[in-house]
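As structure tokens, the structure follows; a few thoughts come after it.
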There are 2 protein chains.
Amino acid sequence: MEMPQPNPSVLAKKPELIARLKGVLPEDAIISDPFETRAYECDALTAYKCPPLLAVLPGSTEQVSRVLSICHEMGVPVVPRGSGTSLAGGALPTEDSVILGVARLNEVLETDYDNRFIRVQSGRTNLSVTGAVEEEGFFYAPDPSSQLACAIAGNIAMNSGGAHCLKYGVTTNNLMGVTMVLMDGQVVELGGAHLDAEGLDLLGLMCGSEGQLGVVTEATLRILPKPEGARPVLIGFDSNEVAGACVSDIIKAGVLPVAIEFMDRPCIRATEAFAGAGYPDCEALLIVEVEGSEAEIDEQLGTIMQIARKHDPVELRQSQSAEESAKIWLGRKSAFGAMGQINDYMCLDGTIPVSELPYVLRRIGEMSKEYGLDVANVFHAGDGNMHPLILFDANKPGDLETCEAFGADILRLCVEVGGCLTGEHGVGIEKRDLMVDQYAPADLELQMAVKDVFDPKWLLNPAKVFPLAASDARRVAAE
Amino acid sequence: MEMPQPNPSVLAKKPELIARLKGVLPEDAIISDPFETRAYECDALTAYKCPPLLAVLPGSTEQVSRVLSICHEMGVPVVPRGSGTSLAGGALPTEDSVILGVARLNEVLETDYDNRFIRVQSGRTNLSVTGAVEEEGFFYAPDPSSQLACAIAGNIAMNSGGAHCLKYGVTTNNLMGVTMVLMDGQVVELGGAHLDAEGLDLLGLMCGSEGQLGVVTEATLRILPKPEGARPVLIGFDSNEVAGACVSDIIKAGVLPVAIEFMDRPCIRATEAFAGAGYPDCEALLIVEVEGSEAEIDEQLGTIMQIARKHDPVELRQSQSAEESAKIWLGRKSAFGAMGQINDYMCLDGTIPVSELPYVLRRIGEMSKEYGLDVANVFHAGDGNMHPLILFDANKPGDLETCEAFGADILRLCVEVGGCLTGEHGVGIEKRDLMVDQYAPADLELQMAVKDVFDPKWLLNPAKVFPLAASDARRVAAE
């Protein structure tokens, strides 16, 4: 993956930059030792690495504002970083950039159960938001797999979803307001603890903007009352087509499960070998979970099982206990770990119209043979969000490049059938050069012109989201 | 309400403009006769009127593009218009503007039940979208009161909600993509028939932008399977405080009704006199409706009635039949008509945190005495969206001005308690000068800078949304 050449004049300013930062940050919030900055050289897309010029860990919105103001004046690029769990390289540094980590901004600022919101600093982890309200019977709905570690800041940057987003929506549906610092140090408030505000919806624009528009330091999040209970059913089929048709029929029936997860045979086999969840050896597996009171669960699962039976499942197993539910989910939740045991893998994240599922799986199978790399498919089937895992050997020369080319072809296929390049992981560096497959030049130009408004010098999170040539040209023109 | 002075050079260009428009539109799509343009002199905020220079009714995206391109070249302002049902003056012309009506763009372009979307031209009415899919058991969720008449274009411009948006969200939650024409005639595609796309969320930005960024000609909308049934319960209280507390408790219990409507005594009395819906004569009335199968409805209403009983209601009446349900809703749906029988009224649209309800109602009562004008309150209580109706006499000199001042004070009160100026009607001309009460100068500047990107000459929907002095300055600077 090509990265932009570092700006030698920025590299030369390092001592001056450190001196100025010491004026606005405590000593221990500035990390400049090359050994220590290595901790920030990559995120969860570990195939790409580059140590930053510096890393800073401000402890307040005001400190963030002062850091950005200094970097803006000195023309130093800034890479905002949540917990570094991005799978798309969203927090990958460049050699001449300052990593701005929000890890020290992790306080709960306000909880309001009557009006159902919580206000937190953006470095707080996803799961600890729920942790702060669960005693009162509430939870925060978006639940990315990395929820134990990932920060709300990163969730907002990537508009993260999770297995439960079919029912509760993704981050943008659960985000009410933010405090954001612009690259020049100005602090703005977008949205708030109320229904959609008037004027242009800059909050909606900002959510999912991958650190291109500003650094979010505080967030007001919708919290929901916890449902009484939840129960999954496991359904096995001997064909992907039939499993896909079953998903369509469930959705059409007006039942709204919290999750419909889909696994194909390679994925089932690998997870079964790893986790021993008792999955049947079949072509395709659905895990459908519903929530509510016991009566609601019985009624909804009744409808779902009735639909499933019409499609001649080879397995139809309703969980009978909390233990069994945990076991059913164990396999799904171990899928990535199971793959990691066998191989290096690259996890993709495209979306497709649900009806294209059988065609897309067939084509991926064919491409897998052409490229000579195996693929396992895990899938948030209810909303058409695929996570193909391409298996490769990082130690074999050329394998990563083949894997990248294969991945790009899969994502192009998603766009071809009417889907898009990413459901919840973002573009980062991984998919920036595929943006031209999704967007016409006029559409991309409009997005970049909006970025101009927020960050005219193109200093924020460089080399991400937009095709490298385009963002580089923009940055050079602004110099 | 002050309007900008018409630009004499634009007025002088009328013959040239008509000649050029004739080159791109059929004769009957250009309305230039001053008698006929009167049909476009106002929208549903009839207190303000101004006939436009011209009106055009293009029949395709391409025609819209050509019209805008001509107006852009000639420096002629354009006011996009759906069905003209805006309650905020969102489609009020200026003397020197062209009304661009989308009424002829009313076709269904595609329906896809497997992937649950419909693609329509933007002039199609809200209710006829549901009409196109209801035979297959689907519906389009946002349901503004004007749904029989209002166009999808206007729904998108105002991010419209409706009584059922507590459960299903407002327009932005049900909008998947649009085709939009920029002021210079360029056609862009935002979003599509898939989960949130990558890059900056221009679709989210556009939704609710009140015609400031472009003219939407096609929309892809999420459709949902119709629930099996629905049933309301009517709950009367002898105090607003207690009714407010009951709403909070229902929401906290984790039940998600499709609607929680709130009416105060003046509103109950007027609608009862008008519609005879059998409402009790009490201080505050809630209509709570749930949807689902019979079993789900029984269970949810059971929980709701149990909560209501703890608050000592003076009336607690669960509907026993379809007729009774219709009668319960009849009063609520007649509320605006009932008021219109008695008086002229101005319908406001602010939002507040639900917990502030009793305080805000008390303050409105006090202000009502100070201003000498009566107020009736109808309220989407579940999401804190108020619709106070201020009664006045349009024929009495000074009454409209008093009403405007009173309305502005109510909206400022909404902002003070942590709410905002509009829930679903938009800013239009009505609230543009109150934007400074909600937004800091830096926040407003950022919004206007984003508008600059889409419409650098500030020709689209002039004199709306932003404070008049600010938008005028921007327009003059761009000349």
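Here's how to read the names in the structure tokens: chain A, B, ... by the order shown, residue numbers from 1 in each chain, ligand numbers from 1 in the order shown.
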Quiz item: What lies within 7 Å of Glu41 in chain A using only C-alpha atoms, ignoring chain neighbours under 5 positions off, as a PyMOL selection string?
Solution: chain A and resi 49-52+92-93
Self-check item: Within 9 Å of Asp437 in chain A using only C-alpha atoms, minus same-chain residues under 3 positions, as a PyMOL selection string
Solution: chain A and resi 412+415-416+421+433-434+440
Can I get the selected residues back with N, CA and C atoms, as a JSON list (two decimals), in the first residue's frame?
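The resulting out15.json:
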```json
[["chain", "number", "residue", "atom", "x", "y", "z"],
["A", 412, "ARG", "N", -15.34, -4.86, -5.47],
["A", 412, "ARG", "CA", -15.90, -4.37, -6.74],
["A", 412, "ARG", "C", -17.18, -5.13, -7.10],
["A", 415, "VAL", "N", -20.08, -3.70, -5.24],
["A", 415, "VAL", "CA", -20.58, -2.46, -5.87],
["A", 415, "VAL", "C", -21.39, -2.80, -7.12],
["A", 416, "GLU", "N", -20.85, -3.74, -7.92],
["A", 416, "GLU", "CA", -21.52, -4.16, -9.16],
["A", 416, "GLU", "C", -22.96, -4.60, -8.94],
["A", 421, "LEU", "N", -18.76, -0.54, -0.61],
["A", 421, "LEU", "CA", -17.42, -1.02, -0.27],
["A", 421, "LEU", "C", -17.23, -1.34, 1.20],
["A", 433, "ASP", "N", -8.48, 3.56, -2.67],
["A", 433, "ASP", "CA", -8.32, 3.60, -4.12],
["A", 433, "ASP", "C", -9.44, 2.89, -4.87],
["A", 434, "LEU", "N", -10.35, 2.27, -4.10],
["A", 434, "LEU", "CA", -11.54, 1.67, -4.72],
["A", 434, "LEU", "C", -12.71, 2.66, -4.75],
["A", 440, "ALA", "N", -18.87, 8.41, -8.91],
["A", 440, "ALA", "CA", -18.52, 9.17, -10.10],
["A", 440, "ALA", "C", -17.61, 10.32, -9.67]]
```
Quiz prompt | Spatial neighbours of Val436 in chain A, max dist 9 Å, only C-alpha atoms, sep filter under 4 positions, as a list of chain:residue names | solution =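 Residues meeting the cut-off are A:Arg432, A:Ala440, A:Pro441, A:Leu444, A:Phe466, A:Pro467.
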Prev. selection, N, CA and C atoms, output as a compact mmCIF listing (two decimals), in the first residue's frame:
```txt
# COMPACT_ATOMS: atom_id res chain seq x y z
N ARG A 432 -9.31 3.12 -0.02
CA ARG A 432 -9.34 4.48 -0.57
C ARG A 432 -9.27 4.48 -2.11
N ALA A 440 -18.87 8.41 -8.91
CA ALA A 440 -18.52 9.17 -10.10
C ALA A 440 -17.61 10.32 -9.67
N PRO A 441 -16.80 10.85 -10.61
CA PRO A 441 -15.89 11.94 -10.25
C PRO A 441 -16.62 13.12 -9.59
N LEU A 444 -17.35 12.35 -5.88
CA LEU A 444 -16.14 12.40 -5.05
C LEU A 444 -15.66 13.83 -4.87
N PHE A 466 -9.99 9.07 0.69
CA PHE A 466 -10.02 9.46 -0.72
C PHE A 466 -8.83 8.85 -1.47
N PRO A 467 -8.97 8.63 -2.78
CA PRO A 467 -7.85 8.07 -3.54
C PRO A 467 -6.58 8.88 -3.28
```
Exercise. Could the residues of chain B within 7 Å of chain A, counting only C-alpha atoms, be given as a ChimeraX atom specification, please?
Key: /B:114-115,188-189,193-202,204-205,208-209,225-227,248,252-254,296,351-355,383,418-423,426-427,442-443,447,449-450,453,465
Quiz prompt | Computed interatomic separation between CA of Gln320 in chain A and CA of Glu261 in chain A (Å) | solution =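 Here the two named atoms are 19.1 Å from each other.
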Quiz item: Interatomic distance between CA of Ile304 in chain B and CA of Arg362 in chain B?
Solution: 25.8 Å
Practice problem: Go through B:Leu400, B:Met386, B:Val233, B:Met346 and flag the residue nearest Gln318 in chain B, using only C-alpha atoms for the distances. | Solution: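 Selected residue with least distance to Gln318 in chain B: B:Val233.
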Exercise. Can you list, as JSON, numbers by chain, all residues belonging to range 164-298 of chain A that DSSP tags as helix (DSSP H, G or I)?
Key: {"A": [165, 166, 167, 168, 171, 172, 173, 174, 202, 203, 204, 205, 206, 240, 241, 242, 243, 244, 245, 246, 247, 248, 249, 250, 251, 252, 265, 266, 267, 268, 269, 270, 271, 272, 273, 274, 275, 294, 295, 296, 297, 298]}
Quiz item: What lies within 9 Å of range 73-85 of chain B using only C-alpha atoms, ignoring chain neighbours under 3 positions off, as a PyMOL selection string?
Solution: chain B and resi 10-11+13+17+40+42-45+52+68-70+89-94+96-103+122-125+146+149-155+183-184+210-211+214-215+457-462+479
Saved selection, atoms kept: N, CA and C atoms, as a compact mmCIF listing (two decimals), in the first residue's frame:
```
# COMPACT_ATOMS: atom_id res chain seq x y z
N VAL B 10 -32.45 40.94 -12.21
CA VAL B 10 -33.11 39.64 -12.45
C VAL B 10 -34.51 39.87 -13.01
N LEU B 11 -35.25 40.79 -12.41
CA LEU B 11 -36.61 41.08 -12.90
C LEU B 11 -36.57 41.46 -14.38
N LYS B 13 -34.61 40.47 -16.58
CA LYS B 13 -34.24 39.35 -17.47
C LYS B 13 -35.41 38.40 -17.74
N LEU B 17 -35.23 34.93 -19.88
CA LEU B 17 -35.32 33.69 -19.12
C LEU B 17 -36.41 32.78 -19.70
N TYR B 40 -48.73 30.00 -6.68
CA TYR B 40 -47.48 29.62 -5.99
C TYR B 40 -47.01 30.68 -5.00
N CYS B 42 -47.71 31.26 -1.94
CA CYS B 42 -47.43 30.87 -0.54
C CYS B 42 -47.50 29.36 -0.42
N ASP B 43 -47.08 28.86 0.76
CA ASP B 43 -47.32 27.45 1.08
C ASP B 43 -48.31 27.41 2.24
N ALA B 44 -48.24 26.40 3.10
CA ALA B 44 -49.26 26.29 4.15
C ALA B 44 -49.06 27.29 5.29
N LEU B 45 -47.95 28.03 5.27
CA LEU B 45 -47.79 29.15 6.21
C LEU B 45 -48.35 30.39 5.48
N PRO B 52 -44.08 34.51 -7.30
CA PRO B 52 -42.74 34.39 -7.88
C PRO B 52 -42.67 35.06 -9.25
N LEU B 68 -32.00 24.38 -13.99
CA LEU B 68 -31.09 24.92 -12.98
C LEU B 68 -29.85 25.51 -13.63
N SER B 69 -29.37 24.83 -14.66
CA SER B 69 -28.19 25.32 -15.36
C SER B 69 -28.43 26.72 -15.96
N ILE B 70 -29.60 26.91 -16.54
CA ILE B 70 -29.95 28.22 -17.10
C ILE B 70 -30.04 29.28 -15.99
N GLY B 89 -43.00 28.04 5.87
CA GLY B 89 -42.66 28.93 4.75
C GLY B 89 -41.46 28.44 3.96
N GLY B 90 -41.24 27.14 3.97
CA GLY B 90 -40.08 26.56 3.28
C GLY B 90 -40.12 26.72 1.77
N ALA B 91 -41.31 26.94 1.21
CA ALA B 91 -41.42 27.09 -0.25
C ALA B 91 -41.96 28.48 -0.63
N LEU B 92 -41.79 29.45 0.27
CA LEU B 92 -42.24 30.82 -0.03
C LEU B 92 -41.33 31.43 -1.09
N PRO B 93 -41.93 31.93 -2.19
CA PRO B 93 -41.08 32.54 -3.23
C PRO B 93 -40.56 33.92 -2.81
N THR B 94 -39.58 34.41 -3.54
CA THR B 94 -39.25 35.84 -3.52
C THR B 94 -39.70 36.38 -4.88
N ASP B 96 -38.18 37.76 -7.19
CA ASP B 96 -37.25 37.55 -8.31
C ASP B 96 -36.86 36.09 -8.47
N SER B 97 -37.66 35.17 -7.91
CA SER B 97 -37.26 33.75 -7.99
C SER B 97 -38.17 32.94 -8.90
N VAL B 98 -37.60 31.83 -9.38
CA VAL B 98 -38.37 30.85 -10.14
C VAL B 98 -38.78 29.73 -9.20
N ILE B 99 -40.08 29.44 -9.14
CA ILE B 99 -40.53 28.27 -8.41
C ILE B 99 -40.28 27.04 -9.28
N LEU B 100 -39.54 26.06 -8.73
CA LEU B 100 -39.32 24.81 -9.46
C LEU B 100 -40.16 23.74 -8.76
N GLY B 101 -41.33 23.43 -9.33
CA GLY B 101 -42.22 22.45 -8.73
C GLY B 101 -41.94 21.05 -9.25
N VAL B 102 -41.99 20.05 -8.35
CA VAL B 102 -41.70 18.68 -8.77
C VAL B 102 -42.99 17.86 -8.96
N ALA B 103 -44.13 18.54 -9.05
CA ALA B 103 -45.42 17.85 -9.08
C ALA B 103 -45.55 16.84 -10.22
N SER B 122 -39.52 12.28 -6.95
CA SER B 122 -39.66 12.98 -5.66
C SER B 122 -40.97 13.74 -5.49
N GLY B 123 -41.73 13.92 -6.59
CA GLY B 123 -43.00 14.64 -6.46
C GLY B 123 -44.13 13.74 -5.99
N ARG B 124 -43.88 12.46 -5.91
CA ARG B 124 -44.92 11.52 -5.47
C ARG B 124 -45.33 11.85 -4.03
N THR B 125 -46.63 11.73 -3.74
CA THR B 125 -47.08 12.04 -2.38
C THR B 125 -46.69 10.93 -1.42
N SER B 146 -49.90 15.78 6.95
CA SER B 146 -50.29 16.17 5.59
C SER B 146 -50.03 15.07 4.57
N ALA B 149 -51.27 14.81 0.95
CA ALA B 149 -50.90 15.84 -0.04
C ALA B 149 -49.39 16.04 -0.18
N CYS B 150 -48.65 15.88 0.90
CA CYS B 150 -47.24 16.30 0.87
C CYS B 150 -46.39 15.38 0.00
N ALA B 151 -45.38 15.97 -0.64
CA ALA B 151 -44.52 15.21 -1.55
C ALA B 151 -43.30 14.68 -0.82
N ILE B 152 -42.77 13.57 -1.31
CA ILE B 152 -41.54 13.02 -0.75
C ILE B 152 -40.42 14.06 -0.80
N ALA B 153 -40.38 14.87 -1.84
CA ALA B 153 -39.36 15.92 -1.95
C ALA B 153 -39.39 16.83 -0.72
N GLY B 154 -40.59 17.23 -0.32
CA GLY B 154 -40.73 18.09 0.86
C GLY B 154 -40.41 17.34 2.14
N ASN B 155 -40.79 16.06 2.21
CA ASN B 155 -40.46 15.24 3.38
C ASN B 155 -38.95 15.18 3.57
N MET B 183 -27.19 23.25 -8.14
CA MET B 183 -27.63 24.51 -8.73
C MET B 183 -27.00 24.74 -10.10
N ASP B 184 -25.80 24.21 -10.33
CA ASP B 184 -25.17 24.43 -11.65
C ASP B 184 -25.62 23.40 -12.68
N GLU B 210 -33.62 21.52 3.54
CA GLU B 210 -34.61 22.52 3.15
C GLU B 210 -34.32 23.17 1.79
N GLY B 211 -33.89 22.37 0.84
CA GLY B 211 -33.68 22.89 -0.51
C GLY B 211 -32.51 23.84 -0.64
N GLY B 214 -29.58 21.45 -3.13
CA GLY B 214 -29.86 20.93 -4.46
C GLY B 214 -31.33 20.56 -4.57
N VAL B 215 -31.72 20.08 -5.75
CA VAL B 215 -33.12 19.68 -5.97
C VAL B 215 -33.15 18.16 -6.13
N LYS B 457 -23.26 30.61 -5.30
CA LYS B 457 -23.88 31.93 -5.53
C LYS B 457 -25.09 32.17 -4.61
N TRP B 458 -25.42 31.22 -3.76
CA TRP B 458 -26.55 31.35 -2.84
C TRP B 458 -27.85 31.66 -3.59
N LEU B 459 -28.10 30.89 -4.66
CA LEU B 459 -29.31 31.09 -5.46
C LEU B 459 -30.45 30.18 -5.02
N LEU B 460 -30.13 29.06 -4.32
CA LEU B 460 -31.16 28.08 -4.00
C LEU B 460 -31.94 28.44 -2.75
N ASN B 461 -33.25 28.48 -2.90
CA ASN B 461 -34.18 28.75 -1.80
C ASN B 461 -33.74 29.92 -0.91
N PRO B 462 -33.71 31.11 -1.49
CA PRO B 462 -33.19 32.29 -0.79
C PRO B 462 -34.03 32.67 0.42
N GLU B 479 -21.83 37.77 -5.68
CA GLU B 479 -22.27 38.33 -6.97
C GLU B 479 -21.11 38.78 -7.86
```
Practice problem: Quick one: everything within 7 Å of Arg104 in chain A, counting only C-alpha atoms, minus sequence neighbours fewer than 3 positions away in the same chain. Send it as a list of chain:residue names. | Solution: A:Leu57, A:Pro58, A:Gly59, A:Gly123
Take the selection from the previous step and output its residues with N, CA, C and O atoms, as a PDB file, in the first residue's frame.
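Saved as result.pdb:
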```pdb
ATOM      1  N   LEU A  57      -1.277  12.651  24.065  1.00  0.00           N
ATOM      2  CA  LEU A  57      -2.453  12.112  24.754  1.00  0.00           C
ATOM      3  C   LEU A  57      -3.105  13.212  25.600  1.00  0.00           C
ATOM      4  O   LEU A  57      -2.974  13.224  26.825  1.00  0.00           O
ATOM      5  N   PRO A  58      -3.807  14.134  24.961  1.00  0.00           N
ATOM      6  CA  PRO A  58      -4.412  15.242  25.703  1.00  0.00           C
ATOM      7  C   PRO A  58      -5.491  14.753  26.666  1.00  0.00           C
ATOM      8  O   PRO A  58      -6.086  13.701  26.468  1.00  0.00           O
ATOM      9  N   GLY A  59      -5.743  15.553  27.715  1.00  0.00           N
ATOM     10  CA  GLY A  59      -6.676  15.146  28.761  1.00  0.00           C
ATOM     11  C   GLY A  59      -7.943  15.977  28.830  1.00  0.00           C
ATOM     12  O   GLY A  59      -8.744  15.801  29.737  1.00  0.00           O
ATOM     13  N   GLY A 123     -12.963   8.965  24.406  1.00  0.00           N
ATOM     14  CA  GLY A 123     -12.015   7.864  24.520  1.00  0.00           C
ATOM     15  C   GLY A 123     -12.572   6.691  25.304  1.00  0.00           C
ATOM     16  O   GLY A 123     -11.947   5.627  25.391  1.00  0.00           O
TER      17      GLY A 123
END
```
Please list as a PDB file with C-alpha atoms, in the first residue's frame every residue within 8 Å of Ala463 in chain A, counting only C-alpha atoms and excluding residues in the same chain fewer than 4 positions away.
```pdb
ATOM      1  CA  MET A   3       1.929   5.989   1.441  1.00  0.00           C
ATOM      2  CA  PRO A   4       2.664   9.652   0.741  1.00  0.00           C
ATOM      3  CA  ILE A 429      -6.260   3.271   3.673  1.00  0.00           C
ATOM      4  CA  PRO A 467      -7.852   8.066  -3.544  1.00  0.00           C
ATOM      5  CA  LEU A 468      -4.239   8.870  -2.665  1.00  0.00           C
ATOM      6  CA  SER A 471      -5.955  13.784  -1.591  1.00  0.00           C
ATOM      7  CA  ASP A 472      -2.273  14.395  -2.264  1.00  0.00           C
TER       8      ASP A 472
END
```
Shell around Arg269 in chain A at 12 Å using only C-alpha atoms, local window under 6 positions removed, as a CSV table (one decimal) with all heavy atoms, in the first residue's frame:
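Ended up saving to out_32.csv:
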```csv
chain,number,residue,atom,x,y,z
A,263,MET,N,-23.3,-18.1,8.2
A,263,MET,CA,-22.0,-18.6,8.1
A,263,MET,C,-22.0,-19.6,6.9
A,263,MET,O,-22.9,-20.5,6.9
A,263,MET,CB,-21.5,-19.3,9.4
A,263,MET,CG,-21.4,-18.3,10.5
A,263,MET,SD,-21.3,-19.1,12.1
A,263,MET,CE,-19.6,-19.6,12.1
A,275,ALA,N,-13.9,-24.1,18.3
A,275,ALA,CA,-14.7,-23.8,19.4
A,275,ALA,C,-15.6,-25.0,19.9
A,275,ALA,O,-16.1,-25.0,21.0
A,275,ALA,CB,-15.5,-22.6,19.2
A,276,GLY,N,-15.8,-26.0,19.0
A,276,GLY,CA,-16.7,-27.1,19.4
A,276,GLY,C,-18.1,-26.6,19.9
A,276,GLY,O,-18.6,-27.0,20.9
A,277,ALA,N,-18.7,-25.8,19.1
A,277,ALA,CA,-20.0,-25.2,19.5
A,277,ALA,C,-21.2,-26.1,19.1
A,277,ALA,O,-22.3,-25.8,19.4
A,277,ALA,CB,-20.2,-23.9,18.8
A,278,GLY,N,-20.8,-27.3,18.5
A,278,GLY,CA,-21.9,-28.3,18.2
A,278,GLY,C,-22.7,-27.9,16.9
A,278,GLY,O,-23.8,-28.2,16.8
A,279,TYR,N,-22.0,-27.2,16.0
A,279,TYR,CA,-22.7,-26.8,14.8
A,279,TYR,C,-22.8,-28.0,13.9
A,279,TYR,O,-21.9,-28.8,13.8
A,279,TYR,CB,-21.9,-25.7,14.0
A,279,TYR,CG,-22.0,-24.3,14.7
A,279,TYR,CD1,-21.2,-23.3,14.2
A,279,TYR,CD2,-22.8,-24.0,15.7
A,279,TYR,CE1,-21.2,-22.0,14.7
A,279,TYR,CE2,-22.9,-22.8,16.3
A,279,TYR,CZ,-22.1,-21.8,15.8
A,279,TYR,OH,-22.1,-20.5,16.3
A,280,PRO,N,-23.9,-28.1,13.1
A,280,PRO,CA,-24.0,-29.2,12.1
A,280,PRO,C,-23.0,-29.0,11.0
A,280,PRO,O,-22.7,-27.8,10.7
A,280,PRO,CB,-25.4,-29.1,11.7
A,280,PRO,CG,-25.8,-27.7,11.8
A,280,PRO,CD,-25.0,-27.2,13.0
A,281,ASP,N,-22.6,-30.0,10.3
A,281,ASP,CA,-21.7,-29.9,9.1
A,281,ASP,C,-22.6,-29.7,7.9
A,281,ASP,O,-23.0,-30.7,7.3
A,281,ASP,CB,-20.8,-31.1,9.0
A,281,ASP,CG,-19.8,-31.0,7.9
A,281,ASP,OD1,-19.5,-29.8,7.5
A,281,ASP,OD2,-19.4,-32.0,7.3
A,282,CYS,N,-22.9,-28.5,7.6
A,282,CYS,CA,-23.8,-28.2,6.4
A,282,CYS,C,-23.3,-27.1,5.6
A,282,CYS,O,-22.3,-26.5,5.9
A,282,CYS,CB,-25.2,-27.9,7.0
A,282,CYS,SG,-25.3,-26.6,8.1
A,283,GLU,N,-24.0,-26.8,4.6
A,283,GLU,CA,-23.6,-25.8,3.6
A,283,GLU,C,-23.7,-24.3,4.1
A,283,GLU,O,-22.8,-23.5,3.9
A,283,GLU,CB,-24.4,-25.9,2.3
A,283,GLU,CG,-23.7,-25.5,1.0
A,283,GLU,CD,-22.4,-26.2,0.8
A,283,GLU,OE1,-22.3,-27.5,1.0
A,283,GLU,OE2,-21.4,-25.5,0.4
A,284,ALA,N,-24.8,-24.1,4.8
A,284,ALA,CA,-25.0,-22.7,5.3
A,284,ALA,C,-25.7,-22.8,6.7
A,284,ALA,O,-26.6,-23.6,6.9
A,284,ALA,CB,-25.8,-21.9,4.3
A,285,LEU,N,-25.4,-21.8,7.5
A,285,LEU,CA,-26.0,-21.8,8.9
A,285,LEU,C,-26.5,-20.4,9.2
A,285,LEU,O,-25.8,-19.4,8.9
A,285,LEU,CB,-24.8,-22.2,9.9
A,285,LEU,CG,-25.2,-22.6,11.3
A,285,LEU,CD1,-25.9,-24.0,11.2
A,285,LEU,CD2,-24.0,-22.6,12.2
A,331,GLY,N,-19.7,-20.1,18.8
A,331,GLY,CA,-19.1,-20.4,17.5
A,331,GLY,C,-19.0,-19.1,16.6
A,331,GLY,O,-17.9,-18.8,16.1
A,332,ARG,N,-20.1,-18.4,16.5
A,332,ARG,CA,-20.1,-17.2,15.7
A,332,ARG,C,-19.0,-16.2,16.2
A,332,ARG,O,-18.3,-15.6,15.4
A,332,ARG,CB,-21.5,-16.5,15.8
A,332,ARG,CG,-21.6,-15.1,15.2
A,332,ARG,CD,-21.2,-15.0,13.8
A,332,ARG,NE,-21.1,-13.6,13.3
A,332,ARG,CZ,-20.1,-12.8,13.4
A,332,ARG,NH1,-18.9,-13.3,13.9
A,332,ARG,NH2,-20.1,-11.6,12.9
A,334,SER,N,-16.4,-16.8,17.8
A,334,SER,CA,-15.0,-17.3,17.7
A,334,SER,C,-14.6,-17.4,16.3
A,334,SER,O,-13.4,-17.8,16.0
A,334,SER,CB,-14.9,-18.8,18.3
A,334,SER,OG,-15.5,-18.9,19.5
A,335,ALA,N,-15.4,-17.0,15.3
A,335,ALA,CA,-15.1,-17.2,13.9
A,335,ALA,C,-13.8,-16.6,13.5
A,335,ALA,O,-12.9,-17.3,12.9
A,335,ALA,CB,-16.2,-16.7,13.1
A,338,ALA,N,-10.9,-18.4,15.2
A,338,ALA,CA,-10.7,-19.7,14.6
A,338,ALA,C,-9.9,-19.6,13.3
A,338,ALA,O,-9.0,-20.4,13.1
A,338,ALA,CB,-12.1,-20.4,14.3
A,339,MET,N,-10.2,-18.6,12.5
A,339,MET,CA,-9.5,-18.4,11.3
A,339,MET,C,-8.0,-18.0,11.6
A,339,MET,O,-7.1,-18.5,10.9
A,339,MET,CB,-10.1,-17.2,10.5
A,339,MET,CG,-11.5,-17.6,10.0
A,339,MET,SD,-11.4,-19.0,8.9
A,339,MET,CE,-13.1,-19.5,9.0
A,342,ILE,N,-5.7,-20.9,12.1
A,342,ILE,CA,-5.4,-21.7,10.9
A,342,ILE,C,-4.4,-20.9,10.0
A,342,ILE,O,-3.4,-21.5,9.4
A,342,ILE,CB,-6.6,-22.0,10.0
A,342,ILE,CG1,-7.7,-22.7,10.9
A,342,ILE,CG2,-6.3,-22.8,8.8
A,342,ILE,CD1,-9.0,-22.8,10.1
A,376,ALA,N,-13.6,-17.8,3.8
A,376,ALA,CA,-14.7,-18.2,4.6
A,376,ALA,C,-15.6,-17.0,4.8
A,376,ALA,O,-15.1,-15.8,4.9
A,376,ALA,CB,-14.2,-18.6,6.0
A,377,ASN,N,-16.9,-17.2,4.7
A,377,ASN,CA,-17.9,-16.1,4.8
A,377,ASN,C,-18.7,-16.0,6.1
A,377,ASN,O,-19.3,-17.0,6.4
A,377,ASN,CB,-18.8,-16.2,3.6
A,377,ASN,CG,-18.2,-15.7,2.3
A,377,ASN,OD1,-17.9,-14.5,2.2
A,377,ASN,ND2,-17.8,-16.6,1.4
```
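Counting from CA of Ser325 in chain A, the distance to CA of Val288 in chain A is 11.0 Å.
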